[in-house]
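Participant: Please find one structure pasted underneath; my questions will follow.
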Amino acid sequence: MAAVSKVFAARLAGLVVLGPDGESIGRVRDVVITIRVGRQRPRVLGLVVELLTRGRIFIPMLRVTAIAPGSVTVTGNVSLRRFAQKPGEVLVLAQVLDTPVRIDDPELEELAGQDVLVVDLGIELTRTRDWVVSRVAVQRPRGRLSRRAAVHVVEWPHVQGLTQSQLALPGQGVAQLLAQFEGMRPADVANAMRDLPDKRRYELAIALDDERLADVVQELPTDSQTDLLMHLEVERAADVLEAMDPDDAADLLGELPDAEAESLLQLMDPVDSEPVRRLLQHSPDTAGGLMTPEPVILTPATTVAEALARARHPDLTPALASIAFVVRPPISTPTGRYLGCVHLQRLLREPPATLVGGILDTDLTRLDPEDSLTTVTRYFARYNLVCGPVVDDEEHLLGAVAVDDVLDHLLPTDWREEAEDDE
């Protein structure tokens, strides 16, 4: 059956969750949202999924690739860390359903001024790939001897009563800041956070969800990163590190004392900590320390159409999307034998059914993990690239260095403060 882009949250309860290969992971038990200030539509953060043997975990909506009438399909690595509700998060089934609200929809004047109960929330996929709450299903409370009342579906802006304070959520003091930062780029939020008093900055960090906070932390100066991380509860700090890009997480952990860094690594899910540990084995000013272990990696049997779909992933930076690396299985770093690369421009010129194994660039010079920052900088200048492969002596692809990571290390350590002063 075709995937849907609109669905009521309660109908997801109990659906089977399938992995990318069609294997059953567990079942949906709840939907996690965040309530925003005013009448902005709440954002859907992810699903609470119950595994057969390991309790409940959280799967971000960005991992959800399809919602069908009988199942939910997810992709990518899934953290098996037990789900724990964080400040600013609301469970639809556990907290929102049966909440009394009032509506001001002019088409439902018969309900004006009356308390009605929430029976479901309608969620939908937007053009920006975010899931939001768009509609609310309500009905009058049922009396002891009355029939079941009719259900009315109301657009979110016409509902009054589903607010953070009325749902008794933590983090109320920063609600206005959260609304102000909604839609801002992480770098701009990071700059704004640096101007806040310490107490307010820590409160805001606690209120942000893991993915958003990770994006913001990556844009902070190093000293601000470590300061903020140390003011989080240790379990939350590990969750934020899991959500960060592995190379940024490694840079941050490298600034901490070894004992503290190891404690955080122990708390992280092994799926997320393993690539970070590999990066920490290299000096931060070498290709091995600069690289990301998660570039676009393909097999020779991948079609051009599939390769372009991978390059369109919204989490990829333009630099990482500019080139794909082709290897023998396994395709997780360190990979099987590195075969070559294929540039985005070449992919755009080839028929969709063409296999990338037939259009490889096998002449591009590779970076060694021990190459110095100077060598890496000259490499990008010589070959007019924005991304290059890091390959070891045994022909395993270890990752890729992107030009933005090189710039971060070439610029003065306080370049973010200087950039803000120039604005």
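FYI, nothing fancy with the structure tokens labels: chains A, B, ... in order, residues from 1 per chain, ligands from 1 as they appear.
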Set the distance at 10 Å and use only C-alpha atoms: which residues neighbour A:Ser79 once local chain neighbours fewer than 4 positions away are removed? I'd like the list as an MDAnalysis selection string.

Facilitator: chainID A and resid 57:60 83 239 242 268:272

Participant: Residues near A:His282, anyone? I mean within 12 Å using only C-alpha atoms, not counting same-chain ones fewer than 2 positions away, as a list in words.

Facilitator: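 Listed by chain and then number, they are Asp247, Ala250, Asp251, Gly254, Pro275, Val276, Arg277, Arg278, Leu279, Leu280, Pro284, Asp285, Thr286, Ala287, Gly288, Gly289, Leu290, Met291, Asp368, Pro369, Glu370, Asp371, Ser372 and Leu398 of chain A.
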
Participant: Taking N, CA and C atoms for each residue, export the selection above as a PDB file, in the first residue's frame.

Facilitator:
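Result file follows (selection_21.pdb):
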ATOM      1  N   ASP A 247      32.322  13.587  13.911  1.00  0.00           N
ATOM      2  CA  ASP A 247      33.560  14.359  13.965  1.00  0.00           C
ATOM      3  C   ASP A 247      33.457  15.521  14.948  1.00  0.00           C
ATOM      4  N   ALA A 250      33.633  14.047  18.442  1.00  0.00           N
ATOM      5  CA  ALA A 250      35.011  13.691  18.773  1.00  0.00           C
ATOM      6  C   ALA A 250      35.823  14.936  19.145  1.00  0.00           C
ATOM      7  N   ASP A 251      35.638  16.020  18.399  1.00  0.00           N
ATOM      8  CA  ASP A 251      36.347  17.265  18.720  1.00  0.00           C
ATOM      9  C   ASP A 251      35.986  17.738  20.120  1.00  0.00           C
ATOM     10  N   GLY A 254      37.404  15.470  22.796  1.00  0.00           N
ATOM     11  CA  GLY A 254      38.846  15.645  22.859  1.00  0.00           C
ATOM     12  C   GLY A 254      39.280  16.806  23.730  1.00  0.00           C
ATOM     13  N   PRO A 275      32.101   5.116  16.000  1.00  0.00           N
ATOM     14  CA  PRO A 275      32.819   6.000  15.067  1.00  0.00           C
ATOM     15  C   PRO A 275      33.524   7.150  15.779  1.00  0.00           C
ATOM     16  N   VAL A 276      32.975   7.619  16.895  1.00  0.00           N
ATOM     17  CA  VAL A 276      33.633   8.690  17.646  1.00  0.00           C
ATOM     18  C   VAL A 276      34.953   8.187  18.228  1.00  0.00           C
ATOM     19  N   ARG A 277      34.955   6.977  18.769  1.00  0.00           N
ATOM     20  CA  ARG A 277      36.192   6.404  19.310  1.00  0.00           C
ATOM     21  C   ARG A 277      37.257   6.289  18.218  1.00  0.00           C
ATOM     22  N   ARG A 278      36.840   5.893  17.015  1.00  0.00           N
ATOM     23  CA  ARG A 278      37.821   5.759  15.927  1.00  0.00           C
ATOM     24  C   ARG A 278      38.440   7.116  15.596  1.00  0.00           C
ATOM     25  N   LEU A 279      37.612   8.160  15.603  1.00  0.00           N
ATOM     26  CA  LEU A 279      38.129   9.488  15.290  1.00  0.00           C
ATOM     27  C   LEU A 279      39.080   9.983  16.373  1.00  0.00           C
ATOM     28  N   LEU A 280      38.800   9.645  17.612  1.00  0.00           N
ATOM     29  CA  LEU A 280      39.646  10.087  18.717  1.00  0.00           C
ATOM     30  C   LEU A 280      41.031   9.446  18.693  1.00  0.00           C
ATOM     31  N   PRO A 284      43.663  15.721  16.130  1.00  0.00           N
ATOM     32  CA  PRO A 284      42.604  16.552  15.538  1.00  0.00           C
ATOM     33  C   PRO A 284      43.043  17.376  14.344  1.00  0.00           C
ATOM     34  N   ASP A 285      44.335  17.598  14.158  1.00  0.00           N
ATOM     35  CA  ASP A 285      44.802  18.393  13.022  1.00  0.00           C
ATOM     36  C   ASP A 285      45.382  17.515  11.910  1.00  0.00           C
ATOM     37  N   THR A 286      44.878  16.279  11.798  1.00  0.00           N
ATOM     38  CA  THR A 286      45.229  15.387  10.692  1.00  0.00           C
ATOM     39  C   THR A 286      43.968  15.044   9.914  1.00  0.00           C
ATOM     40  N   ALA A 287      44.136  14.443   8.756  1.00  0.00           N
ATOM     41  CA  ALA A 287      42.974  14.046   7.952  1.00  0.00           C
ATOM     42  C   ALA A 287      42.080  13.088   8.726  1.00  0.00           C
ATOM     43  N   GLY A 288      42.692  12.176   9.498  1.00  0.00           N
ATOM     44  CA  GLY A 288      41.912  11.233  10.293  1.00  0.00           C
ATOM     45  C   GLY A 288      41.105  11.903  11.380  1.00  0.00           C
ATOM     46  N   GLY A 289      41.622  13.007  11.943  1.00  0.00           N
ATOM     47  CA  GLY A 289      40.895  13.739  12.963  1.00  0.00           C
ATOM     48  C   GLY A 289      39.877  14.698  12.404  1.00  0.00           C
ATOM     49  N   LEU A 290      40.093  15.155  11.166  1.00  0.00           N
ATOM     50  CA  LEU A 290      39.180  16.102  10.520  1.00  0.00           C
ATOM     51  C   LEU A 290      37.995  15.426   9.846  1.00  0.00           C
ATOM     52  N   MET A 291      38.143  14.171   9.490  1.00  0.00           N
ATOM     53  CA  MET A 291      37.159  13.516   8.622  1.00  0.00           C
ATOM     54  C   MET A 291      35.842  13.221   9.342  1.00  0.00           C
ATOM     55  N   ASP A 368      45.677  10.308   3.251  1.00  0.00           N
ATOM     56  CA  ASP A 368      46.060   9.335   4.273  1.00  0.00           C
ATOM     57  C   ASP A 368      45.582   9.873   5.624  1.00  0.00           C
ATOM     58  N   PRO A 369      45.139   9.002   6.536  1.00  0.00           N
ATOM     59  CA  PRO A 369      44.630   9.504   7.821  1.00  0.00           C
ATOM     60  C   PRO A 369      45.644  10.314   8.619  1.00  0.00           C
ATOM     61  N   GLU A 370      46.937  10.119   8.361  1.00  0.00           N
ATOM     62  CA  GLU A 370      47.954  10.858   9.105  1.00  0.00           C
ATOM     63  C   GLU A 370      48.407  12.124   8.379  1.00  0.00           C
ATOM     64  N   ASP A 371      47.831  12.447   7.231  1.00  0.00           N
ATOM     65  CA  ASP A 371      48.194  13.675   6.527  1.00  0.00           C
ATOM     66  C   ASP A 371      47.906  14.887   7.407  1.00  0.00           C
ATOM     67  N   SER A 372      48.810  15.854   7.394  1.00  0.00           N
ATOM     68  CA  SER A 372      48.674  17.038   8.241  1.00  0.00           C
ATOM     69  C   SER A 372      47.626  17.994   7.689  1.00  0.00           C
ATOM     70  N   LEU A 398      38.011   5.196   5.264  1.00  0.00           N
ATOM     71  CA  LEU A 398      37.779   5.503   6.674  1.00  0.00           C
ATOM     72  C   LEU A 398      36.780   6.642   6.862  1.00  0.00           C
TER      73      LEU A 398
END

Participant: For A:Asp104, list every protein, DNA or RNA residue within 10 Å, evaluated using only C-alpha atoms, and leave out those in the same chain fewer than 4 positions away; present the list as a count of residues only.

Facilitator: 11

Participant: List the neighbours of A:Val136 out to 10 Å using only C-alpha atoms; skip same-chain residues closer than 5 positions along the sequence, and give me the result as a VMD selection string.

Facilitator: chain A and resid 8 103 117 to 123 152 to 159

Participant: Atom CA of A:Pro87 and atom CA of A:Asp215 are how many Å apart?

Facilitator: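 Going from atom CA of A:Pro87 over to atom CA of A:Asp215 covers 17.6 Å.
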
Participant: Just want the 12 Å neighbourhood of A:Ser24, counted on only C-alpha atoms, with same-chain residues fewer than 5 positions away dropped. Output as an MDAnalysis selection string.

Facilitator: chainID A and resid 15:19 49:52 71:74

Participant: List every residue of stretch 118-330 of chain A that DSSP, applied to the backbone of this structure, places in alpha helix (DSSP H), and write the result as an NGL selection string.

Facilitator: :A and (175-181 or 186-194 or 198-207 or 210-217 or 222-230 or 234-243 or 246-254 or 258-267 or 270-280 or 287-290 or 304-311 or 318-321)

Participant: What lies within 12 Å of A:Thr126 using only C-alpha atoms, ignoring chain neighbours under 6 positions off, as a PDB file with N, CA, C and O atoms, in the first residue's frame?

Facilitator:
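Below is the file result-v5.pdb, written as the result:
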ATOM      1  N   SER A   5       0.861  10.761   3.956  1.00  0.00           N
ATOM      2  CA  SER A   5       1.518  11.959   4.487  1.00  0.00           C
ATOM      3  C   SER A   5       0.663  12.633   5.542  1.00  0.00           C
ATOM      4  O   SER A   5       1.068  13.641   6.112  1.00  0.00           O
ATOM      5  N   LYS A   6      -0.544  12.098   5.787  1.00  0.00           N
ATOM      6  CA  LYS A   6      -1.421  12.594   6.841  1.00  0.00           C
ATOM      7  C   LYS A   6      -1.992  11.399   7.585  1.00  0.00           C
ATOM      8  O   LYS A   6      -2.422  10.430   6.966  1.00  0.00           O
ATOM      9  N   ARG A  41       1.807  25.454  14.852  1.00  0.00           N
ATOM     10  CA  ARG A  41       1.521  24.022  14.900  1.00  0.00           C
ATOM     11  C   ARG A  41       2.644  23.270  15.615  1.00  0.00           C
ATOM     12  O   ARG A  41       3.821  23.497  15.340  1.00  0.00           O
ATOM     13  N   ARG A  43       5.401  20.581  16.606  1.00  0.00           N
ATOM     14  CA  ARG A  43       6.280  19.744  15.791  1.00  0.00           C
ATOM     15  C   ARG A  43       6.272  18.331  16.340  1.00  0.00           C
ATOM     16  O   ARG A  43       6.306  18.116  17.552  1.00  0.00           O
ATOM     17  N   VAL A  44       6.229  17.352  15.439  1.00  0.00           N
ATOM     18  CA  VAL A  44       6.295  15.946  15.836  1.00  0.00           C
ATOM     19  C   VAL A  44       7.766  15.541  15.883  1.00  0.00           C
ATOM     20  O   VAL A  44       8.458  15.587  14.860  1.00  0.00           O
ATOM     21  N   VAL A 132       4.153  17.820  11.520  1.00  0.00           N
ATOM     22  CA  VAL A 132       3.557  18.758  12.466  1.00  0.00           C
ATOM     23  C   VAL A 132       2.137  18.311  12.795  1.00  0.00           C
ATOM     24  O   VAL A 132       1.514  17.543  12.047  1.00  0.00           O
ATOM     25  N   VAL A 133       1.626  18.807  13.926  1.00  0.00           N
ATOM     26  CA  VAL A 133       0.220  18.586  14.279  1.00  0.00           C
ATOM     27  C   VAL A 133      -0.605  19.643  13.562  1.00  0.00           C
ATOM     28  O   VAL A 133      -0.397  20.839  13.768  1.00  0.00           O
ATOM     29  N   SER A 134      -1.514  19.224  12.708  1.00  0.00           N
ATOM     30  CA  SER A 134      -2.304  20.172  11.921  1.00  0.00           C
ATOM     31  C   SER A 134      -3.761  20.231  12.348  1.00  0.00           C
ATOM     32  O   SER A 134      -4.416  21.262  12.192  1.00  0.00           O
TER      33      SER A 134
END

Participant: Pull the strand (DSSP E or B) assignments for stretch 45-280 of chain A out of DSSP run on the backbone, and list those residues as a VMD selection string.

Facilitator: chain A and resid 45 to 51 56 to 60 64 to 68 71 to 74 82 90 to 91 100 to 103 116 to 125 131 to 139 152 to 155 159 to 160

Participant: Rank nothing, just name the residue among A:His343, A:Arg328, A:Arg366, A:Arg200 nearest to A:Ala307, using only C-alpha atoms.

Facilitator: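 For A:Ala307, the nearest of the given residues is A:His343.
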
Participant: For each of A:Met244, A:Leu267, A:Leu125, A:Leu347, take the minimum atom-to-atom distance to A:Thr303, counting only C-alpha atoms, then give the residue where this is smallest.

Facilitator: A:Leu347
